[in-house]
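target_4.cif, holding mmCIF, C-alpha atoms:
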data_structure
loop_
_atom_site.group_PDB
_atom_site.id
_atom_site.type_symbol
_atom_site.label_atom_id
_atom_site.label_comp_id
_atom_site.auth_asym_id
_atom_site.auth_seq_id
_atom_site.Cartn_x
_atom_site.Cartn_y
_atom_site.Cartn_z
ATOM 1 C CA MET A 4 -112.445 -255.445 -26.160
ATOM 2 C CA ARG A 5 -111.370 -257.716 -23.309
ATOM 3 C CA TYR A 6 -111.339 -260.723 -25.669
ATOM 4 C CA LEU A 7 -109.205 -258.808 -28.196
ATOM 5 C CA LYS A 8 -106.850 -257.759 -25.407
ATOM 6 C CA SER A 9 -106.504 -261.370 -24.251
ATOM 7 C CA ILE A 10 -105.763 -262.639 -27.757
ATOM 8 C CA LEU A 11 -103.271 -259.842 -28.458
ATOM 9 C CA ASN A 12 -101.571 -260.274 -25.093
ATOM 10 C CA HIS A 13 -101.164 -264.019 -25.471
ATOM 11 C CA PHE A 14 -100.204 -263.831 -29.141
ATOM 12 C CA GLU A 15 -97.394 -261.355 -28.500
ATOM 13 C CA LYS A 16 -96.116 -263.130 -25.412
ATOM 14 C CA VAL A 17 -96.159 -266.541 -27.122
ATOM 15 C CA LEU A 18 -94.251 -265.155 -30.120
ATOM 16 C CA ILE A 19 -91.720 -263.447 -27.857
ATOM 17 C CA THR A 20 -91.262 -266.551 -25.703
ATOM 18 C CA LEU A 21 -90.864 -268.857 -28.704
ATOM 19 C CA SER A 22 -88.381 -266.451 -30.281
ATOM 20 C CA MET A 23 -86.341 -266.353 -27.086
ATOM 21 C CA ILE A 24 -86.340 -270.147 -26.678
ATOM 22 C CA ILE A 25 -85.354 -270.749 -30.300
ATOM 23 C CA MET A 26 -82.678 -268.057 -30.079
ATOM 24 C CA VAL A 27 -81.136 -269.591 -26.942
ATOM 25 C CA VAL A 28 -81.155 -273.070 -28.510
ATOM 26 C CA LEU A 29 -79.524 -271.750 -31.689
ATOM 27 C CA ILE A 30 -76.801 -269.955 -29.759
ATOM 28 C CA PHE A 31 -76.197 -273.063 -27.641
ATOM 29 C CA ILE A 32 -75.854 -275.161 -30.803
ATOM 30 C CA GLN A 33 -73.467 -272.571 -32.255
ATOM 31 C CA VAL A 34 -71.251 -272.578 -29.166
ATOM 32 C CA PHE A 35 -71.371 -276.374 -28.825
ATOM 33 C CA THR A 36 -70.457 -277.063 -32.441
ATOM 34 C CA ARG A 37 -67.725 -274.415 -32.455
ATOM 35 C CA TYR A 38 -65.928 -275.337 -29.225
ATOM 36 C CA VAL A 39 -66.752 -279.024 -28.767
ATOM 37 C CA MET A 40 -67.028 -280.271 -32.335
ATOM 38 C CA GLY A 41 -64.368 -277.905 -33.658
ATOM 39 C CA ASP A 42 -66.447 -276.539 -36.551
ATOM 40 C CA ALA A 43 -69.284 -274.049 -36.191
ATOM 41 C CA MET A 44 -72.664 -274.890 -37.651
ATOM 42 C CA THR A 45 -73.535 -272.429 -40.404
ATOM 43 C CA GLY A 46 -76.587 -270.220 -40.171
ATOM 44 C CA THR A 47 -77.256 -270.437 -36.450
ATOM 45 C CA GLU A 48 -75.689 -267.065 -35.642
ATOM 46 C CA GLU A 49 -77.552 -265.347 -38.464
ATOM 47 C CA ALA A 50 -80.865 -266.950 -37.488
ATOM 48 C CA ALA A 51 -80.376 -265.943 -33.841
ATOM 49 C CA ARG A 52 -79.607 -262.359 -34.906
ATOM 50 C CA TYR A 53 -82.764 -262.095 -37.002
ATOM 51 C CA LEU A 54 -84.866 -263.633 -34.243
ATOM 52 C CA PHE A 55 -83.412 -261.073 -31.840
ATOM 53 C CA ILE A 56 -84.458 -258.257 -34.175
ATOM 54 C CA TRP A 57 -88.012 -259.633 -34.276
ATOM 55 C CA LEU A 58 -87.970 -260.075 -30.494
ATOM 56 C CA ILE A 59 -87.022 -256.424 -29.931
ATOM 57 C CA PHE A 60 -89.731 -254.963 -32.143
ATOM 58 C CA LEU A 61 -92.441 -257.290 -30.846
ATOM 59 C CA SER A 62 -91.545 -256.388 -27.252
ATOM 60 C CA ILE A 63 -92.132 -252.640 -27.647
ATOM 61 C CA GLY A 64 -95.895 -252.981 -27.228
ATOM 62 C CA ILE A 65 -95.629 -255.245 -24.192
ATOM 63 C CA GLY A 66 -93.493 -252.576 -22.534
ATOM 64 C CA PHE A 67 -96.361 -250.103 -22.793
ATOM 65 C CA SER A 68 -98.993 -252.411 -21.418
ATOM 66 C CA ASP A 69 -96.739 -253.355 -18.479
ATOM 67 C CA LYS A 70 -95.519 -249.745 -18.015
ATOM 68 C CA ALA A 71 -91.952 -251.018 -18.297
ATOM 69 C CA HIS A 72 -90.465 -248.322 -20.520
ATOM 70 C CA ILE A 73 -88.074 -245.839 -18.985
ATOM 71 C CA SER A 74 -89.649 -242.509 -18.115
ATOM 72 C CA ILE A 75 -88.643 -239.451 -16.137
ATOM 73 C CA ASP A 76 -91.709 -238.548 -14.133
ATOM 74 C CA ILE A 77 -90.322 -236.577 -11.184
ATOM 75 C CA VAL A 78 -92.217 -233.445 -12.299
ATOM 76 C CA ILE A 79 -95.392 -235.227 -13.392
ATOM 77 C CA ASP A 80 -95.711 -237.063 -10.070
ATOM 78 C CA ARG A 81 -95.930 -233.761 -8.215
ATOM 79 C CA LEU A 82 -98.886 -232.505 -10.269
ATOM 80 C CA PRO A 83 -102.578 -233.094 -9.510
ATOM 81 C CA ILE A 84 -103.971 -236.422 -10.744
ATOM 82 C CA ALA A 85 -106.108 -234.843 -13.490
ATOM 83 C CA THR A 86 -103.097 -232.949 -14.846
ATOM 84 C CA GLN A 87 -100.977 -236.115 -14.695
ATOM 85 C CA LYS A 88 -103.539 -237.986 -16.767
ATOM 86 C CA ALA A 89 -103.810 -235.128 -19.280
ATOM 87 C CA LEU A 90 -100.024 -234.956 -19.728
ATOM 88 C CA ARG A 91 -99.723 -238.722 -20.054
ATOM 89 C CA GLN A 92 -102.533 -238.672 -22.636
ATOM 90 C CA PHE A 93 -100.699 -235.946 -24.557
ATOM 91 C CA VAL A 94 -97.520 -238.041 -24.573
ATOM 92 C CA TYR A 95 -99.498 -241.093 -25.729
ATOM 93 C CA ILE A 96 -100.972 -239.092 -28.613
ATOM 94 C CA LEU A 97 -97.495 -237.913 -29.666
ATOM 95 C CA LEU A 98 -96.122 -241.448 -29.431
ATOM 96 C CA PHE A 99 -99.044 -242.802 -31.413
ATOM 97 C CA GLY A 100 -98.260 -240.371 -34.225
ATOM 98 C CA ILE A 101 -94.600 -241.385 -34.159
ATOM 99 C CA PHE A 102 -95.520 -245.085 -34.167
ATOM 100 C CA ILE A 103 -97.859 -244.666 -37.123
ATOM 101 C CA PHE A 104 -95.078 -242.800 -38.954
ATOM 102 C CA PHE A 105 -92.620 -245.639 -38.172
ATOM 103 C CA THR A 106 -95.182 -248.227 -39.267
ATOM 104 C CA TYR A 107 -95.661 -246.448 -42.592
ATOM 105 C CA GLN A 108 -91.917 -245.956 -43.122
ATOM 106 C CA GLY A 109 -91.359 -249.611 -42.231
ATOM 107 C CA TYR A 110 -93.925 -250.593 -44.837
ATOM 108 C CA LEU A 111 -92.086 -248.492 -47.447
ATOM 109 C CA LEU A 112 -88.788 -250.094 -46.420
ATOM 110 C CA VAL A 113 -90.237 -253.599 -46.750
ATOM 111 C CA ASP A 114 -91.699 -252.673 -50.134
ATOM 112 C CA ASN A 115 -88.283 -251.454 -51.310
ATOM 113 C CA MET A 116 -86.567 -254.574 -49.985
ATOM 114 C CA MET A 117 -89.045 -256.766 -51.854
ATOM 115 C CA GLY A 118 -88.130 -254.903 -55.046
ATOM 116 C CA PHE A 119 -84.404 -255.391 -54.468
ATOM 117 C CA GLY A 120 -84.768 -259.146 -54.050
ATOM 118 C CA GLN A 121 -81.866 -259.274 -51.587
ATOM 119 C CA ASN A 122 -81.341 -262.465 -49.573
ATOM 120 C CA SER A 123 -79.413 -263.016 -46.361
ATOM 121 C CA ALA A 124 -75.845 -264.248 -46.683
ATOM 122 C CA THR A 125 -76.062 -267.676 -45.086
ATOM 123 C CA LEU A 126 -79.704 -268.680 -44.771
ATOM 124 C CA GLN A 127 -80.756 -267.123 -48.086
ATOM 125 C CA ILE A 128 -84.045 -265.868 -46.646
ATOM 126 C CA PRO A 129 -85.440 -262.705 -48.227
ATOM 127 C CA MET A 130 -84.260 -259.651 -46.303
ATOM 128 C CA TRP A 131 -87.722 -258.123 -46.440
ATOM 129 C CA VAL A 132 -88.792 -260.813 -43.947
ATOM 130 C CA VAL A 133 -86.288 -259.398 -41.445
ATOM 131 C CA TYR A 134 -87.333 -255.802 -42.147
ATOM 132 C CA LEU A 135 -91.001 -256.753 -41.769
ATOM 133 C CA SER A 136 -90.384 -256.743 -38.015
ATOM 134 C CA LEU A 137 -90.349 -252.925 -38.067
ATOM 135 C CA PRO A 138 -93.904 -252.227 -39.314
ATOM 136 C CA ILE A 139 -95.398 -255.200 -37.469
ATOM 137 C CA GLY A 140 -93.675 -254.304 -34.208
ATOM 138 C CA PHE A 141 -94.761 -250.668 -34.362
ATOM 139 C CA LEU A 142 -98.285 -251.671 -35.396
ATOM 140 C CA PHE A 143 -98.534 -253.865 -32.286
ATOM 141 C CA ALA A 144 -97.011 -251.039 -30.229
ATOM 142 C CA SER A 145 -99.670 -248.662 -31.606
ATOM 143 C CA LEU A 146 -102.417 -251.054 -30.547
ATOM 144 C CA ARG A 147 -100.864 -251.381 -27.090
ATOM 145 C CA LEU A 148 -100.573 -247.615 -26.835
ATOM 146 C CA ILE A 149 -104.291 -247.245 -27.591
ATOM 147 C CA GLN A 150 -105.006 -249.874 -24.943
ATOM 148 C CA THR A 151 -102.784 -248.074 -22.401
ATOM 149 C CA SER A 152 -104.406 -244.744 -23.260
ATOM 150 C CA LEU A 153 -107.898 -246.141 -22.673
ATOM 151 C CA ASN A 154 -106.803 -247.771 -19.419
ATOM 152 C CA LEU A 155 -105.386 -244.457 -18.216
ATOM 153 C CA TRP A 156 -108.891 -243.041 -17.840
ATOM 154 C CA LYS A 157 -110.196 -246.250 -16.239
ATOM 155 C CA GLU A 158 -107.526 -246.201 -13.526
ATOM 156 C CA ASP A 159 -108.634 -245.317 -10.057
ATOM 157 C CA ASP A 160 -107.227 -241.977 -8.899
ATOM 158 C CA LYS A 161 -106.217 -243.560 -5.584
ATOM 159 C CA GLU A 162 -103.962 -246.025 -7.425
ATOM 160 C CA MET A 163 -102.118 -243.147 -9.066
ATOM 161 C CA GLU A 164 -101.774 -241.363 -5.710
ATOM 162 C CA GLU A 165 -100.384 -244.512 -4.081
ATOM 163 C CA GLU A 166 -97.674 -244.760 -6.723
ATOM 164 C CA GLY A 167 -96.899 -241.119 -5.942
ATOM 165 C CA PRO A 168 -93.570 -239.351 -6.155
ATOM 166 C CA ILE A 169 -90.381 -241.153 -5.264
ATOM 167 C CA LEU A 170 -88.969 -238.327 -3.137
#
Translate this structure into structure tokens?
Amino acid sequence: MRYLKSILNHFEKVLITLSMIIMVVLIFIQVFTRYVMGDAMTGTEEAARYLFIWLIFLSIGIGFSDKAHISIDIVIDRLPIATQKALRQFVYILLFGIFIFFTYQGYLLVDNMMGFGQNSATLQIPMWVVYLSLPIGFLFASLRLIQTSLNLWKEDDKEMEEEGPIL
């Protein structure tokens, strides 16, 4: 499990980092060619947009493992530790169901897009490649949610008490 976690963690972070670097370089090239050379390079804006879409969906799972998603926990923090864990587990189960639903719907969307044969305007890449970010991103998020759910019960109760309520 630890080996799988390490591979998944590095794989996602490497993909996200590479996407961000390539996106920044593409936008820099776009701005440079537009304002310095006087004529914008075609395709860079579209490529950066599609990379950004992939970046967003791949980052959902990392947010769960790092506990970086926004949450309102003013009520939960005031409950006993066992109740906090039970409520968080309940939320994780609900989210897992939603993520599986989104993964399945994303698969259906990609399947439809493959049937349409639509290509992007400038780069002429198949649009299903862009839409593939939805099922893959939510599949990774589902795996991260399982990981976070398992880690919830491994956490030391003292760690949760130290985090405690804000007020």
Exercise for review: Carefully work through the PyMOL selection byres ((chain A and resi 108) around 12) for this structure and note down the residues it includes, as a list in words.
Suggested key: Ile101, Phe102, Ile103, Phe104, Phe105, Thr106, Tyr107, Gly109, Tyr110, Leu111, Leu112, Val113, Asp114, Asn115, Tyr134, Leu135, Leu137, Pro138, Ile139, Phe141 and Leu142 of chain A
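Using only C-alpha atoms, the smallest distance between any of A:Leu29, A:Met130, A:Leu90, A:Ala144 and Phe55 in chain A comes from A:Leu29.
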Edge lengths and centre in Å, axis-aligned, range 69-81 of chain A plus 4 Å each side, as JSON:
{"center_x": -92.4, "center_y": -243.4, "center_z": -14.4, "size_x": 16.7, "size_y": 27.9, "size_z": 20.3}
Exercise for review: Could you pull out every residue with an atom within 10 Å of (-102.3, -239.8, -20.1), file coordinates, counting only C-alpha atoms, and send them as a PyMOL selection string?
Suggested key: chain A and resi 85-96+151-156
**Study point:** Atomic separation - CA of Arg52 in chain A relative to CA of Met26 in chain A, Å
**Key:**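 Computing it gives 8.1 Å between the two atoms.
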**Study point:** Who sits within 6 Å of range 57-72 of chain A, all atoms listed in the file, same chain under 4 positions skipped, as a PyMOL selection string
**Key:** chain A and resi 19+136+140+143-144+147+151
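Note that the spacing between CA of Met23 in chain A and CA of Ile75 in chain A amounts to 29.1 Å.
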Point to revise | Distance of CA of Val133 in chain A from CA of Ile73 in chain A, expressed in Å to one decimal place | key: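 Separation of CA of Ile73 in chain A and CA of Val133 in chain A: 26.3 Å.
For the choices A:Ala43, A:Ile10, A:Val34, A:Ala50, the atom-to-atom distance to Ser123 in chain A is smallest for A:Ala50 when using all atoms listed in the file.
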Check your understanding: Pick from A:Asp76, A:Tyr6, A:Ser145, A:Ser22: nearest to Tyr53 in chain A, with only C-alpha atoms counted?
Key ->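 So, comparing all the options, the nearest one is A:Ser22.
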Review point. Using only C-alpha atoms, which of the listed residues (A:Met116, A:Leu146, A:Ile79, A:Ile84) sits closest to Phe99 in chain A?
Key: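 Looking at the shortest contact to Phe99 in chain A, the residue is A:Leu146.
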Exercise for review: Would you list the contacts of Met44 in chain A as a list in words, taking every protein, DNA or RNA residue within 9 Å and counting all atoms listed in the file, but skipping same-chain residues closer than 2 positions in sequence?
Suggested key: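 Final neighbour list, sorted by chain and number: Ile32, Gln33, Val34, Thr36, Arg37, Asp42, Gly46, Thr47 and Glu48 of chain A.
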What would range 23-34 of chain A look like with all heavy atoms restored, written as a PDB file, in the frame of the given file?
ATOM      1  N   MET A  23     -87.429-266.284 -28.068  1.00  0.00           N
ATOM      2  CA  MET A  23     -86.341-266.353 -27.086  1.00  0.00           C
ATOM      3  C   MET A  23     -85.834-267.785 -26.926  1.00  0.00           C
ATOM      4  O   MET A  23     -84.617-268.022 -26.889  1.00  0.00           O
ATOM      5  CB  MET A  23     -86.820-265.799 -25.735  1.00  0.00           C
ATOM      6  CG  MET A  23     -85.739-265.765 -24.700  1.00  0.00           C
ATOM      7  SD  MET A  23     -84.402-264.653 -25.110  1.00  0.00           S
ATOM      8  CE  MET A  23     -84.945-263.211 -24.278  1.00  0.00           C
ATOM      9  N   ILE A  24     -86.746-268.742 -26.834  1.00  0.00           N
ATOM     10  CA  ILE A  24     -86.340-270.147 -26.678  1.00  0.00           C
ATOM     11  C   ILE A  24     -85.544-270.613 -27.892  1.00  0.00           C
ATOM     12  O   ILE A  24     -84.467-271.214 -27.751  1.00  0.00           O
ATOM     13  CB  ILE A  24     -87.574-271.042 -26.442  1.00  0.00           C
ATOM     14  CG1 ILE A  24     -88.174-270.768 -25.069  1.00  0.00           C
ATOM     15  CG2 ILE A  24     -87.214-272.519 -26.589  1.00  0.00           C
ATOM     16  CD1 ILE A  24     -89.531-271.411 -24.842  1.00  0.00           C
ATOM     17  N   ILE A  25     -86.052-270.333 -29.075  1.00  0.00           N
ATOM     18  CA  ILE A  25     -85.354-270.749 -30.300  1.00  0.00           C
ATOM     19  C   ILE A  25     -83.993-270.073 -30.395  1.00  0.00           C
ATOM     20  O   ILE A  25     -82.993-270.701 -30.766  1.00  0.00           O
ATOM     21  CB  ILE A  25     -86.227-270.461 -31.541  1.00  0.00           C
ATOM     22  CG1 ILE A  25     -87.468-271.347 -31.526  1.00  0.00           C
ATOM     23  CG2 ILE A  25     -85.430-270.678 -32.820  1.00  0.00           C
ATOM     24  CD1 ILE A  25     -88.505-270.972 -32.558  1.00  0.00           C
ATOM     25  N   MET A  26     -83.938-268.798 -30.032  1.00  0.00           N
ATOM     26  CA  MET A  26     -82.678-268.057 -30.079  1.00  0.00           C
ATOM     27  C   MET A  26     -81.645-268.667 -29.134  1.00  0.00           C
ATOM     28  O   MET A  26     -80.477-268.852 -29.509  1.00  0.00           O
ATOM     29  CB  MET A  26     -82.946-266.591 -29.719  1.00  0.00           C
ATOM     30  CG  MET A  26     -81.836-265.661 -30.062  1.00  0.00           C
ATOM     31  SD  MET A  26     -82.306-263.942 -29.849  1.00  0.00           S
ATOM     32  CE  MET A  26     -82.566-263.874 -28.099  1.00  0.00           C
ATOM     33  N   VAL A  27     -82.059-268.993 -27.912  1.00  0.00           N
ATOM     34  CA  VAL A  27     -81.136-269.591 -26.942  1.00  0.00           C
ATOM     35  C   VAL A  27     -80.647-270.952 -27.432  1.00  0.00           C
ATOM     36  O   VAL A  27     -79.455-271.273 -27.339  1.00  0.00           O
ATOM     37  CB  VAL A  27     -81.801-269.699 -25.553  1.00  0.00           C
ATOM     38  CG1 VAL A  27     -81.000-270.585 -24.615  1.00  0.00           C
ATOM     39  CG2 VAL A  27     -81.995-268.321 -24.953  1.00  0.00           C
ATOM     40  N   VAL A  28     -81.549-271.750 -27.996  1.00  0.00           N
ATOM     41  CA  VAL A  28     -81.155-273.070 -28.510  1.00  0.00           C
ATOM     42  C   VAL A  28     -80.165-272.911 -29.664  1.00  0.00           C
ATOM     43  O   VAL A  28     -79.156-273.629 -29.732  1.00  0.00           O
ATOM     44  CB  VAL A  28     -82.401-273.877 -28.942  1.00  0.00           C
ATOM     45  CG1 VAL A  28     -82.013-275.106 -29.743  1.00  0.00           C
ATOM     46  CG2 VAL A  28     -83.232-274.266 -27.728  1.00  0.00           C
ATOM     47  N   LEU A  29     -80.433-271.968 -30.559  1.00  0.00           N
ATOM     48  CA  LEU A  29     -79.524-271.750 -31.689  1.00  0.00           C
ATOM     49  C   LEU A  29     -78.141-271.305 -31.231  1.00  0.00           C
ATOM     50  O   LEU A  29     -77.125-271.773 -31.748  1.00  0.00           O
ATOM     51  CB  LEU A  29     -80.114-270.715 -32.650  1.00  0.00           C
ATOM     52  CG  LEU A  29     -81.287-271.167 -33.511  1.00  0.00           C
ATOM     53  CD1 LEU A  29     -81.866-269.994 -34.274  1.00  0.00           C
ATOM     54  CD2 LEU A  29     -80.870-272.278 -34.459  1.00  0.00           C
ATOM     55  N   ILE A  30     -78.096-270.414 -30.268  1.00  0.00           N
ATOM     56  CA  ILE A  30     -76.801-269.955 -29.759  1.00  0.00           C
ATOM     57  C   ILE A  30     -76.075-271.081 -29.036  1.00  0.00           C
ATOM     58  O   ILE A  30     -74.851-271.234 -29.172  1.00  0.00           O
ATOM     59  CB  ILE A  30     -76.984-268.718 -28.854  1.00  0.00           C
ATOM     60  CG1 ILE A  30     -77.448-267.539 -29.710  1.00  0.00           C
ATOM     61  CG2 ILE A  30     -75.697-268.369 -28.125  1.00  0.00           C
ATOM     62  CD1 ILE A  30     -77.881-266.334 -28.926  1.00  0.00           C
ATOM     63  N   PHE A  31     -76.816-271.909 -28.292  1.00  0.00           N
ATOM     64  CA  PHE A  31     -76.197-273.063 -27.641  1.00  0.00           C
ATOM     65  C   PHE A  31     -75.606-274.016 -28.679  1.00  0.00           C
ATOM     66  O   PHE A  31     -74.475-274.493 -28.523  1.00  0.00           O
ATOM     67  CB  PHE A  31     -77.213-273.811 -26.771  1.00  0.00           C
ATOM     68  CG  PHE A  31     -76.679-275.079 -26.191  1.00  0.00           C
ATOM     69  CD1 PHE A  31     -75.836-275.047 -25.088  1.00  0.00           C
ATOM     70  CD2 PHE A  31     -76.984-276.302 -26.766  1.00  0.00           C
ATOM     71  CE1 PHE A  31     -75.315-276.212 -24.560  1.00  0.00           C
ATOM     72  CE2 PHE A  31     -76.477-277.479 -26.240  1.00  0.00           C
ATOM     73  CZ  PHE A  31     -75.634-277.437 -25.137  1.00  0.00           C
ATOM     74  N   ILE A  32     -76.352-274.283 -29.732  1.00  0.00           N
ATOM     75  CA  ILE A  32     -75.854-275.161 -30.803  1.00  0.00           C
ATOM     76  C   ILE A  32     -74.604-274.561 -31.438  1.00  0.00           C
ATOM     77  O   ILE A  32     -73.628-275.279 -31.709  1.00  0.00           O
ATOM     78  CB  ILE A  32     -76.958-275.410 -31.861  1.00  0.00           C
ATOM     79  CG1 ILE A  32     -78.066-276.289 -31.267  1.00  0.00           C
ATOM     80  CG2 ILE A  32     -76.377-276.052 -33.114  1.00  0.00           C
ATOM     81  CD1 ILE A  32     -79.293-276.402 -32.150  1.00  0.00           C
ATOM     82  N   GLN A  33     -74.624-273.256 -31.662  1.00  0.00           N
ATOM     83  CA  GLN A  33     -73.467-272.571 -32.255  1.00  0.00           C
ATOM     84  C   GLN A  33     -72.224-272.739 -31.375  1.00  0.00           C
ATOM     85  O   GLN A  33     -71.153-273.093 -31.856  1.00  0.00           O
ATOM     86  CB  GLN A  33     -73.796-271.081 -32.445  1.00  0.00           C
ATOM     87  CG  GLN A  33     -72.639-270.221 -32.858  1.00  0.00           C
ATOM     88  CD  GLN A  33     -72.231-270.409 -34.307  1.00  0.00           C
ATOM     89  OE1 GLN A  33     -72.849-271.127 -35.069  1.00  0.00           O
ATOM     90  NE2 GLN A  33     -71.157-269.755 -34.684  1.00  0.00           N
ATOM     91  N   VAL A  34     -72.391-272.469 -30.081  1.00  0.00           N
ATOM     92  CA  VAL A  34     -71.251-272.578 -29.166  1.00  0.00           C
ATOM     93  C   VAL A  34     -70.788-274.026 -29.053  1.00  0.00           C
ATOM     94  O   VAL A  34     -69.583-274.309 -29.082  1.00  0.00           O
ATOM     95  CB  VAL A  34     -71.628-272.012 -27.770  1.00  0.00           C
ATOM     96  CG1 VAL A  34     -70.563-272.323 -26.742  1.00  0.00           C
ATOM     97  CG2 VAL A  34     -71.854-270.508 -27.862  1.00  0.00           C
TER      98      VAL A  34
END
